[in-house]
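**Q** Quick one, structure_10.txt (compact mmCIF, C-alpha atoms and all ligand atoms):
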# COMPACT_ATOMS: atom_id res chain seq x y z
CA MET A 1 25.34 231.50 114.00
CA ILE A 2 27.05 230.58 110.73
CA MET A 3 28.35 233.66 108.97
CA ASP A 4 29.39 233.62 105.32
CA VAL A 5 32.82 235.21 105.11
CA ALA A 6 32.64 235.88 101.37
CA ALA A 7 29.43 237.90 101.75
CA ASN A 8 31.10 240.56 103.90
CA GLU A 9 34.66 239.89 105.00
CA ILE A 10 35.13 243.16 106.86
CA GLN A 11 31.99 242.60 108.91
CA ALA A 12 33.03 238.98 109.57
CA ILE A 13 36.42 240.08 110.86
CA ARG A 14 34.84 242.76 113.04
CA LEU A 15 32.34 240.38 114.63
CA ALA A 16 34.95 237.67 115.10
CA ALA A 17 37.46 240.06 116.70
CA GLN A 18 34.77 241.33 119.09
CA ALA A 19 33.90 237.78 120.14
CA LEU A 20 37.59 236.94 120.66
CA GLU A 21 38.01 240.12 122.70
CA ARG A 22 35.19 238.91 124.97
CA GLY A 23 37.10 235.63 125.48
CA GLU A 24 34.74 233.54 123.38
CA VAL A 25 35.57 230.45 121.35
CA ILE A 26 34.69 230.74 117.66
CA ALA A 27 35.19 228.54 114.59
CA ILE A 28 37.35 229.86 111.76
CA PRO A 29 38.30 228.51 108.35
CA THR A 30 42.00 227.91 107.68
CA GLU A 31 43.52 226.50 104.50
CA THR A 32 43.92 223.08 106.18
CA VAL A 33 40.82 222.44 108.33
CA TYR A 34 38.46 224.57 110.44
CA GLY A 35 39.87 225.68 113.79
CA LEU A 36 38.22 226.20 117.17
CA ALA A 37 39.85 229.51 118.01
CA ALA A 38 40.32 231.72 121.04
CA ASP A 39 42.76 234.39 122.20
CA ALA A 40 45.92 232.39 122.97
CA THR A 41 46.93 234.94 125.62
CA ASN A 42 43.65 234.65 127.55
CA GLU A 43 43.86 231.68 129.89
CA ARG A 44 40.12 231.46 130.53
CA ALA A 45 39.33 231.53 126.84
CA VAL A 46 41.86 228.76 126.24
CA VAL A 47 40.36 226.64 129.03
CA ARG A 48 37.02 227.01 127.25
CA ILE A 49 38.52 225.52 124.05
CA PHE A 50 39.48 222.37 125.99
CA GLU A 51 35.97 222.16 127.48
CA VAL A 52 34.11 222.65 124.22
CA LYS A 53 36.35 220.23 122.32
CA ARG A 54 36.38 217.70 125.23
CA ARG A 55 40.15 217.63 124.83
CA PRO A 56 42.48 216.32 127.53
CA SER A 57 44.35 219.25 129.08
CA PHE A 58 47.78 217.60 128.60
CA ASN A 59 47.46 218.04 124.85
CA PRO A 60 48.83 221.47 123.83
CA LEU A 61 47.34 223.76 121.19
CA ILE A 62 48.81 225.32 118.06
CA CYS A 63 49.16 229.12 118.24
CA HIS A 64 48.30 230.83 115.00
CA CYS A 65 50.15 234.06 114.22
CA SER A 66 49.75 236.60 111.43
CA ASP A 67 53.46 237.18 110.68
CA LEU A 68 57.03 236.51 111.79
CA ASP A 69 57.08 239.54 114.11
CA MET A 70 54.22 238.05 116.08
CA VAL A 71 55.92 234.63 116.11
CA SER A 72 59.14 236.18 117.49
CA GLU A 73 57.26 237.66 120.44
CA TYR A 74 56.41 234.18 121.72
CA ALA A 75 59.09 231.87 120.31
CA ILE A 76 62.75 231.63 119.38
CA LEU A 77 63.45 230.71 115.79
CA ASP A 78 66.65 228.72 115.22
CA PRO A 79 68.23 229.11 111.74
CA VAL A 80 66.66 225.98 110.21
CA SER A 81 63.19 226.86 111.54
CA LEU A 82 63.59 230.39 110.22
CA ARG A 83 64.47 229.04 106.78
CA LEU A 84 61.39 226.82 106.79
CA ALA A 85 59.24 229.66 108.09
CA LYS A 86 60.34 232.01 105.33
CA ALA A 87 59.75 229.39 102.66
CA PHE A 88 56.42 227.91 103.79
CA TRP A 89 54.52 230.48 105.86
CA PRO A 90 51.76 231.38 105.46
CA GLY A 91 50.92 227.74 104.85
CA PRO A 92 50.11 224.25 106.15
CA MET A 93 53.20 223.86 108.35
CA THR A 94 53.48 224.03 112.16
CA LEU A 95 56.86 224.45 113.86
CA VAL A 96 57.44 223.38 117.46
CA LEU A 97 59.75 226.10 118.78
CA LYS A 98 61.38 227.08 122.08
CA SER A 99 59.13 229.48 123.97
CA ASN A 100 60.44 233.00 124.37
CA PRO A 101 61.12 233.15 128.14
CA GLU A 102 60.39 236.88 128.17
CA HIS A 103 56.93 236.48 126.76
CA ARG A 104 55.32 233.18 127.59
CA LEU A 105 51.83 232.15 126.64
CA PRO A 106 49.59 230.84 129.44
CA SER A 107 50.63 227.34 130.44
CA ARG A 108 47.16 226.04 129.56
CA THR A 109 47.86 226.95 125.92
CA THR A 110 51.16 225.06 125.78
CA ALA A 111 50.23 222.37 128.36
CA GLY A 112 53.13 223.58 130.47
CA LEU A 113 55.80 222.64 127.91
CA GLU A 114 58.94 224.72 127.27
CA THR A 115 58.04 224.66 123.60
CA VAL A 116 55.20 226.18 121.63
CA ALA A 117 53.67 224.95 118.37
CA ILE A 118 53.22 227.86 115.96
CA ARG A 119 51.73 228.27 112.53
CA ILE A 120 51.05 231.23 110.25
CA PRO A 121 47.90 230.29 108.35
CA ALA A 122 46.89 231.70 104.98
CA GLY A 123 43.73 233.51 103.93
CA PHE A 124 40.86 234.73 106.09
CA SER A 125 42.28 233.47 109.39
CA ASN A 126 45.50 235.38 108.74
CA GLU A 127 43.54 238.60 108.15
CA LEU A 128 41.57 237.99 111.32
CA ILE A 129 44.70 237.46 113.47
CA ARG A 130 46.32 240.56 111.97
CA SER A 131 43.27 242.62 112.79
CA PHE A 132 42.89 241.10 116.29
CA GLY A 133 46.57 241.70 117.02
CA ARG A 134 47.22 238.63 119.17
CA PRO A 135 47.80 234.94 118.38
CA LEU A 136 44.88 232.55 118.26
CA ALA A 137 45.09 229.15 119.89
CA ALA A 138 43.16 226.77 117.67
CA PRO A 139 42.85 223.01 117.54
CA SER A 140 40.90 221.45 114.70
CA ALA A 141 37.18 222.18 115.11
CA ASN A 142 35.97 218.67 115.90
CA ILE A 143 35.13 216.85 119.09
CA SER A 144 38.34 215.19 120.32
CA GLY A 145 39.09 211.95 118.48
CA LYS A 146 36.62 212.57 115.68
CA VAL A 147 37.23 213.51 112.07
CA SER A 148 38.30 217.15 111.59
CA ALA A 149 35.91 219.68 110.07
CA THR A 150 36.55 220.82 106.52
CA ALA A 151 33.27 222.75 106.18
CA ALA A 152 31.25 225.06 108.43
CA ALA A 153 28.37 222.56 108.56
CA HIS A 154 30.72 219.92 110.03
CA VAL A 155 31.51 222.29 112.91
CA ARG A 156 27.82 222.91 113.54
CA ASP A 157 27.10 219.17 113.43
CA ASP A 158 29.69 218.51 116.16
CA PHE A 159 29.05 221.50 118.42
CA GLY A 160 25.64 223.04 117.67
CA ASP A 161 25.13 226.19 119.74
CA GLU A 162 28.17 225.52 121.92
CA VAL A 163 30.14 227.48 119.35
CA PRO A 164 28.10 230.67 118.93
CA LEU A 165 29.96 232.03 115.89
CA ILE A 166 31.09 229.88 112.97
CA LEU A 167 32.82 231.75 110.15
CA ASP A 168 32.02 229.99 106.91
CA GLY A 169 34.84 230.28 104.38
CA GLY A 170 33.58 227.38 102.24
CA PRO A 171 35.25 223.98 102.04
CA THR A 172 38.90 224.14 103.13
CA GLU A 173 41.44 224.01 100.34
CA ILE A 174 43.88 221.39 101.64
CA GLY A 175 41.62 219.22 103.77
CA VAL A 176 44.21 217.62 106.07
CA GLU A 177 45.90 219.26 109.05
CA SER A 178 49.27 220.99 108.94
CA THR A 179 52.59 219.15 108.87
CA ILE A 180 54.17 219.45 112.35
CA LEU A 181 57.97 219.73 112.55
CA MET A 182 60.53 220.24 115.27
CA VAL A 183 64.17 221.10 114.64
CA LYS A 184 66.33 218.95 116.90
CA ASP A 185 69.98 217.88 117.02
CA GLY A 186 70.77 219.37 113.64
CA GLY A 187 67.87 217.63 111.92
CA VAL A 188 64.14 218.05 111.48
CA GLU A 189 61.77 215.71 113.21
CA LEU A 190 58.42 215.06 111.57
CA LEU A 191 55.87 214.95 114.41
CA ARG A 192 52.82 214.74 112.17
CA PRO A 193 52.69 214.41 108.38
CA GLY A 194 50.23 216.89 106.91
CA GLY A 195 49.36 219.32 104.17
CA LEU A 196 52.97 220.18 103.33
CA PRO A 197 54.65 217.08 101.86
CA ILE A 198 58.14 216.05 103.03
CA GLU A 199 59.30 216.03 99.42
CA THR A 200 58.59 219.77 99.31
CA LEU A 201 60.24 220.45 102.68
CA GLN A 202 63.40 218.45 102.19
CA PRO A 203 65.28 220.69 99.74
CA VAL A 204 64.60 223.77 101.85
CA ALA A 205 65.41 222.16 105.21
CA ASN A 206 68.61 220.81 103.70
CA VAL A 207 69.19 218.67 106.81
CA PRO A 208 67.95 215.11 107.49
CA ILE A 209 64.22 214.76 108.18
CA SER A 210 63.30 211.91 110.48
CA ALA A 211 59.93 210.55 111.48
CA ARG A 212 59.24 211.15 115.18
CA THR A 213 61.26 209.14 117.59
CA PHE A 214 59.06 207.88 120.35
CA GLU A 215 60.70 208.51 123.68
CA GLY A 216 58.01 207.08 125.91
CA ARG A 217 56.38 210.46 126.02
CA LEU A 218 53.38 211.92 124.31
CA LEU A 219 54.69 214.39 121.75
CA ALA A 220 51.64 214.79 119.57
CA PRO A 221 48.32 213.07 119.97
CA GLY A 222 48.69 212.09 116.48
CA MET A 223 50.40 209.31 118.40
CA LEU A 224 47.14 208.16 119.93
CA LYS A 225 45.98 205.20 117.99
CA SER A 226 42.27 205.81 117.36
CA HIS A 227 41.84 209.35 116.14
CA TYR A 228 40.29 211.08 113.15
CA ALA A 229 37.68 208.34 113.37
CA PRO A 230 34.20 208.23 111.84
CA ARG A 231 31.45 206.21 113.56
CA ALA A 232 31.70 203.42 110.98
CA THR A 233 34.70 201.13 111.13
CA VAL A 234 37.30 201.58 108.42
CA ARG A 235 38.82 198.80 106.30
CA LEU A 236 42.01 199.88 104.56
CA GLU A 237 43.81 198.57 101.46
CA ALA A 238 40.50 197.23 100.19
CA THR A 239 40.75 195.46 96.86
CA GLU A 240 37.02 194.74 96.74
CA VAL A 241 33.89 196.18 98.33
CA ARG A 242 31.67 193.88 100.36
CA ARG A 243 27.92 193.91 100.92
CA GLY A 244 26.83 196.65 103.30
CA GLU A 245 30.05 198.66 102.99
CA ALA A 246 30.53 202.13 101.57
CA LEU A 247 33.48 202.52 99.20
CA ILE A 248 36.01 205.35 99.16
CA LYS A 249 38.18 205.27 96.04
CA PHE A 250 39.94 207.49 93.54
CA GLY A 251 40.94 207.15 89.90
CA SER A 252 39.04 205.55 87.06
CA ASP A 253 39.54 201.82 87.80
CA THR A 254 36.45 199.88 88.82
CA VAL A 255 36.72 198.12 92.19
CA PRO A 256 35.29 194.57 92.30
CA GLY A 257 31.82 194.74 93.92
CA GLU A 258 31.43 198.44 93.12
CA ALA A 259 28.46 197.91 90.80
CA ASP A 260 26.42 196.56 93.74
CA CYS A 261 27.58 199.21 96.21
CA PRO A 262 25.06 202.02 96.72
CA HIS A 263 27.55 204.37 98.40
CA VAL A 264 30.62 204.95 96.26
CA PHE A 265 32.68 208.08 96.91
CA ASN A 266 35.22 208.73 94.18
CA LEU A 267 37.39 211.45 95.73
CA SER A 268 39.31 212.22 92.55
CA PRO A 269 38.29 210.58 89.28
CA ARG A 270 41.56 211.81 87.74
CA GLY A 271 43.59 210.34 90.59
CA ASP A 272 45.02 213.55 92.07
CA LEU A 273 46.13 213.11 95.72
CA ALA A 274 45.51 216.79 96.50
CA GLU A 275 41.86 216.28 95.53
CA VAL A 276 41.73 213.10 97.61
CA ALA A 277 43.06 214.99 100.67
CA ALA A 278 40.61 217.85 100.16
CA ALA A 279 37.58 215.54 99.91
CA LEU A 280 38.55 212.80 102.40
CA TYR A 281 37.05 214.00 105.71
CA ALA A 282 33.77 215.10 104.12
CA ALA A 283 33.47 211.63 102.55
CA LEU A 284 34.07 209.89 105.91
CA LYS A 285 31.36 212.06 107.45
CA LEU A 286 28.97 211.42 104.55
CA ALA A 287 29.52 207.68 104.84
CA ASP A 288 28.44 207.99 108.48
CA GLU A 289 25.36 209.94 107.44
CA VAL A 290 24.17 207.26 105.03
CA GLY A 291 24.36 204.85 107.96
CA VAL A 292 26.84 202.18 106.80
CA SER A 293 28.75 200.35 109.53
CA GLU A 294 31.92 199.75 107.51
CA ILE A 295 33.85 201.84 105.00
CA ALA A 296 36.19 200.15 102.52
CA ILE A 297 39.04 202.34 101.31
CA VAL A 298 41.28 201.48 98.37
CA PRO A 299 45.10 201.55 98.80
CA ILE A 300 46.53 205.06 98.60
CA PRO A 301 50.16 205.69 97.61
CA ILE A 302 52.46 206.85 100.40
CA SER A 303 54.21 209.65 98.50
CA GLY A 304 53.46 213.39 98.67
CA LEU A 305 50.16 214.09 100.42
CA GLY A 306 49.63 210.33 100.50
CA LEU A 307 51.74 210.13 103.67
CA ALA A 308 49.33 212.37 105.59
CA ILE A 309 46.29 210.65 104.08
CA ASN A 310 47.59 207.20 105.07
CA ASP A 311 48.49 208.47 108.55
CA ARG A 312 44.95 209.73 109.17
CA LEU A 313 43.34 206.65 107.68
CA SER A 314 45.42 204.27 109.77
CA ARG A 315 44.30 206.13 112.88
CA ALA A 316 40.70 206.07 111.70
CA ALA A 317 41.04 202.29 111.29
CA ALA A 318 42.73 201.78 114.67
CA PRO A 319 41.07 199.92 117.56
CA ARG A 320 38.42 202.04 119.26
CA GLY A 321 37.85 202.87 122.88
CA LEU A 322 41.39 202.68 124.24
CA SER A 323 42.35 205.22 126.87
CA PRO A 324 45.02 207.66 125.69
CA ASP A 325 47.63 205.91 127.86
CA GLU A 326 46.86 202.48 126.52
CA ALA A 327 46.62 203.80 123.02
CA VAL A 328 49.97 205.53 122.73
CA LEU A 329 51.87 203.97 119.87
CA GLY A 330 54.76 201.91 121.03
CA ARG A 331 53.02 200.53 124.08
CA LEU A 332 50.60 198.50 122.02
O1 LIG A 401 46.14 222.37 110.34
C1 LIG A 401 46.20 222.38 111.57
O2 LIG A 401 47.27 222.17 112.18
C2 LIG A 401 44.92 222.68 112.34
C3 LIG A 401 44.45 224.09 111.98
C4 LIG A 401 43.25 224.51 112.77
O3 LIG A 401 45.51 224.99 112.16
N1 LIG A 401 45.10 222.51 113.74
C5 LIG A 401 45.27 221.31 114.33
O4 LIG A 401 45.35 221.38 115.70
O5 LIG A 401 45.33 220.27 113.72
P1 LIG A 401 45.22 220.11 116.66
O6 LIG A 401 45.14 220.68 118.03
O7 LIG A 401 44.11 219.25 116.22
O8 LIG A 401 46.61 219.40 116.53
C6 LIG A 401 47.76 220.05 117.05
C7 LIG A 401 48.83 219.07 117.34
C8 LIG A 401 48.47 218.15 118.47
O9 LIG A 401 48.79 216.85 118.02
C9 LIG A 401 49.39 218.57 119.61
O10 LIG A 401 49.72 217.50 120.45
C10 LIG A 401 50.58 219.08 118.83
O11 LIG A 401 50.02 219.75 117.74
N2 LIG A 401 51.35 220.04 119.63
C11 LIG A 401 50.97 221.26 120.09
N3 LIG A 401 51.96 221.84 120.79
C12 LIG A 401 52.99 220.98 120.78
C13 LIG A 401 54.31 221.00 121.35
N4 LIG A 401 54.76 222.03 122.06
N5 LIG A 401 55.10 219.93 121.12
C14 LIG A 401 54.66 218.88 120.38
N6 LIG A 401 53.42 218.79 119.82
C15 LIG A 401 52.61 219.83 120.03
MG MG A 402 42.84 217.66 115.67
Would you encode the structure as C-alpha cells?
Ligand code: TXA
Ligand code: MG
**A**
Amino acid sequence: MIMDVAANEIQAIRLAAQALERGEVIAIPTETVYGLAADATNERAVVRIFEVKRRPSFNPLICHCSDLDMVSEYAILDPVSLRLAKAFWPGPMTLVLKSNPEHRLPSRTTAGLETVAIRIPAGFSNELIRSFGRPLAAPSANISGKVSATAAAHVRDDFGDEVPLILDGGPTEIGVESTILMVKDGGVELLRPGGLPIETLQPVANVPISARTFEGRLLAPGMLKSHYAPRATVRLEATEVRRGEALIKFGSDTVPGEADCPHVFNLSPRGDLAEVAAALYAALKLADEVGVSEIAIVPIPISGLGLAINDRLSRAAAPRGLSPDEAVLGRL
C-alpha cells in the first residue's frame, strides 16, 4: 500500500510505527532518497531488509536516529564528529562512529564492524523515529546495484508487494544519498560524496578532508564499480547525442544532435546543480522506461553537489556484471 503522508501525517506515523513494531520492513521518505526501513535493534527485521533488497550481508546499514541523545546510546562521538553533527544534523550527512560497547546494535545491522554509520534525517522520517523511539536501519529503497528511489512509485516499481507499506512524502528534496564521513587520525575521510558538499563541510570540520584511502578492504560499496545503474548503458561527458540515445543535460545550450533526439531530459534549464541532483535518478529511470539502450549525459562540473553527481554517474557508467570482489576499485 502507498500511503500519502501529507494527507494525514499522524495516521501515517501511527501505521508505520505499528508495522515497525511488528518487525516489518517499510519504505520511508527522507530528504535524500527513500529508505527501506526496519527497527535497527531487531535482528530479524534487519535480516529481512537484506533479503528484500537482495543486498550482500557484508554491507552494513546506516542507522537513522531522531536526535543526539539517541545517537549517543549507540555510538561514541569524538569532538570533530560532534561539531559536524551539531552543524549538519538533521541533514544529508552520515558519520561512521565507534560503536558504544555498552549498547551495541545487532551485528547484522553493522555487518559485525566495530563502527556504526549514523544519520539524523530531516522531516517525516525524523518524526517517525522520534515517535517509534528506536533507530531505524535503512538502506536506499532500491534493489541492490540499481538506481536509488526518489519517489514512492520508484519503490513500488522495484519491490511491488514485497514492501507492504510505502510512505509517500512526494519527490525527495535532495535526490542523492547522504555524504558519508569518518573522522580518523585527526582528519575527516570522505567515504562517499553526497548531498552535503565538501565545500560546506570544510569550514566546520576545520581539519583536512581526504577522499577515502583504499586499504584493500571494502569500506563502502560505493566502492563497487557498477552501482546506481539503470538498464540502459550510460555514456558520460557527451558533447553530442547520437541516434537512438536519450540525452540528459542541463542549462540552456543546445547539444549537437538534440533536435533529432526524441528523449531529451533537461534537469535544470537554469543550470542549478541542486536541481540536477534532485531530478537525476528519476530521469535515469524514465530513460529506461522509454526503452532506449544508451543514455548520453553532458559533462557536469565537479564542484559542490557536482562531486556526488559525477560519483554516481561514473558508477552508473561502469562495466556491468562484475562480482563485488572483482569490482572493488583498486583491483581493476
Ligand atoms: O541518504 C542516504 O544515506 C540513504 C538514506 C535512506 O538515508 N541511505 C543510503 O544507504 O544511501 P545505503 O545502504 O544505500 O548506503 C549506506 C552506505 C553503504 O555504502 C555502506 O557500505 C556504508 O554506508 N556503511 C554503513 N556502515 C558503515 C561502516 N560502519 N563503515 C563504513 N561504511 C559503512
Ligand atoms: Mg544505496
**Q** What is the atom CA of Asp158 of chain A to atom CA of Met93 of chain A distance in Å?
**A**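 Between atom CA of Asp158 of chain A and atom CA of Met93 of chain A the gap works out to 25.3 Å.
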**Q** Using all atoms listed in the file, which of the listed residues (A:Val71, A:Leu77, A:Asn100, A:Asn142) sits closest to Phe159 of chain A?
**A** A:Asn142
**Q** Could I get the residue neighbourhood of ligand LIG 401 (chain A) at 7 Å, counting all atoms listed in the file, as a ChimeraX atom specification?
**A** /A:30,32-36,59-62,92,94,96,110,113,115-117,121,138-141,176-180,219-222
**Q** Fewer than 6 positions away in the same chain doesn't count, so skip those; otherwise give me all residues within 12 Å of segment 245-254 of chain A, counting all atoms listed in the file, as a PyMOL selection string.
**A** chain A and resi 232-239+260-277+279-301+313
**Q** Can I get the selected residues back with C-alpha atoms, as a PDB file, in the coordinates of the input?
**A**
ATOM      1  CA  ALA A 232      31.700 203.420 110.980  1.00  0.00           C
ATOM      2  CA  THR A 233      34.700 201.130 111.130  1.00  0.00           C
ATOM      3  CA  VAL A 234      37.300 201.580 108.420  1.00  0.00           C
ATOM      4  CA  ARG A 235      38.820 198.800 106.300  1.00  0.00           C
ATOM      5  CA  LEU A 236      42.010 199.880 104.560  1.00  0.00           C
ATOM      6  CA  GLU A 237      43.810 198.570 101.460  1.00  0.00           C
ATOM      7  CA  ALA A 238      40.500 197.230 100.190  1.00  0.00           C
ATOM      8  CA  THR A 239      40.750 195.460  96.860  1.00  0.00           C
ATOM      9  CA  ASP A 260      26.420 196.560  93.740  1.00  0.00           C
ATOM     10  CA  CYS A 261      27.580 199.210  96.210  1.00  0.00           C
ATOM     11  CA  PRO A 262      25.060 202.020  96.720  1.00  0.00           C
ATOM     12  CA  HIS A 263      27.550 204.370  98.400  1.00  0.00           C
ATOM     13  CA  VAL A 264      30.620 204.950  96.260  1.00  0.00           C
ATOM     14  CA  PHE A 265      32.680 208.080  96.910  1.00  0.00           C
ATOM     15  CA  ASN A 266      35.220 208.730  94.180  1.00  0.00           C
ATOM     16  CA  LEU A 267      37.390 211.450  95.730  1.00  0.00           C
ATOM     17  CA  SER A 268      39.310 212.220  92.550  1.00  0.00           C
ATOM     18  CA  PRO A 269      38.290 210.580  89.280  1.00  0.00           C
ATOM     19  CA  ARG A 270      41.560 211.810  87.740  1.00  0.00           C
ATOM     20  CA  GLY A 271      43.590 210.340  90.590  1.00  0.00           C
ATOM     21  CA  ASP A 272      45.020 213.550  92.070  1.00  0.00           C
ATOM     22  CA  LEU A 273      46.130 213.110  95.720  1.00  0.00           C
ATOM     23  CA  ALA A 274      45.510 216.790  96.500  1.00  0.00           C
ATOM     24  CA  GLU A 275      41.860 216.280  95.530  1.00  0.00           C
ATOM     25  CA  VAL A 276      41.730 213.100  97.610  1.00  0.00           C
ATOM     26  CA  ALA A 277      43.060 214.990 100.670  1.00  0.00           C
ATOM     27  CA  ALA A 279      37.580 215.540  99.910  1.00  0.00           C
ATOM     28  CA  LEU A 280      38.550 212.800 102.400  1.00  0.00           C
ATOM     29  CA  TYR A 281      37.050 214.000 105.710  1.00  0.00           C
ATOM     30  CA  ALA A 282      33.770 215.100 104.120  1.00  0.00           C
ATOM     31  CA  ALA A 283      33.470 211.630 102.550  1.00  0.00           C
ATOM     32  CA  LEU A 284      34.070 209.890 105.910  1.00  0.00           C
ATOM     33  CA  LYS A 285      31.360 212.060 107.450  1.00  0.00           C
ATOM     34  CA  LEU A 286      28.970 211.420 104.550  1.00  0.00           C
ATOM     35  CA  ALA A 287      29.520 207.680 104.840  1.00  0.00           C
ATOM     36  CA  ASP A 288      28.440 207.990 108.480  1.00  0.00           C
ATOM     37  CA  GLU A 289      25.360 209.940 107.440  1.00  0.00           C
ATOM     38  CA  VAL A 290      24.170 207.260 105.030  1.00  0.00           C
ATOM     39  CA  GLY A 291      24.360 204.850 107.960  1.00  0.00           C
ATOM     40  CA  VAL A 292      26.840 202.180 106.800  1.00  0.00           C
ATOM     41  CA  SER A 293      28.750 200.350 109.530  1.00  0.00           C
ATOM     42  CA  GLU A 294      31.920 199.750 107.510  1.00  0.00           C
ATOM     43  CA  ILE A 295      33.850 201.840 105.000  1.00  0.00           C
ATOM     44  CA  ALA A 296      36.190 200.150 102.520  1.00  0.00           C
ATOM     45  CA  ILE A 297      39.040 202.340 101.310  1.00  0.00           C
ATOM     46  CA  VAL A 298      41.280 201.480  98.370  1.00  0.00           C
ATOM     47  CA  PRO A 299      45.100 201.550  98.800  1.00  0.00           C
ATOM     48  CA  ILE A 300      46.530 205.060  98.600  1.00  0.00           C
ATOM     49  CA  PRO A 301      50.160 205.690  97.610  1.00  0.00           C
ATOM     50  CA  LEU A 313      43.340 206.650 107.680  1.00  0.00           C
TER      51      LEU A 313
END
**Q** Hey, which of A:Arg22, A:Arg108, A:Arg134, A:His64 ends up closest to Phe50 of chain A? Count all atoms listed in the file.
**A**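 Of the candidates, the smallest distance to Phe50 of chain A is held by A:Arg108.
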**Q** What's the separation between atom CA of Leu97 of chain A and atom CA of Glu73 of chain A, in Å to one decimal place?
**A**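 The value is 11.9 Å.
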**Q** Between atom CA of Glu127 of chain A and atom CA of Ala40 of chain A, what distance in Å does the model show, to one decimal?
**A**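 Value for the atom CA of Glu127 of chain A-atom CA of Ala40 of chain A distance: 16.2 Å.
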**Q** From the options A:Leu136, A:Ile309, A:Val147, A:Ala211, which residue's atoms come nearest to ligand MG 402 (chain A), counting all atoms listed in the file?
**A** A:Val147
**Q** Which of these residues is nearest to Thr150 of chain A, using all atoms listed in the file: A:Pro101, A:Met1, A:Pro29, A:Ile129?
**A**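 Among the listed residues, the smallest separation from Thr150 of chain A belongs to A:Pro29.
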**Q** Between A:Ala229, A:Ala16, A:Leu190, A:Ile120, which has the minimum distance to Glu31 of chain A (counting all atoms listed in the file)?
**A**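 Among the listed residues, the smallest separation from Glu31 of chain A belongs to A:Ile120.
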**Q** Could you check the closest approach to ligand MG 402 (chain A) for each of A:Pro79, A:Gly133, A:Gly145, A:Gly257 and tell me which residue wins, using only C-alpha atoms and all ligand atoms?
**A**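 For ligand MG 402 (chain A), the nearest of the candidates is A:Gly145.
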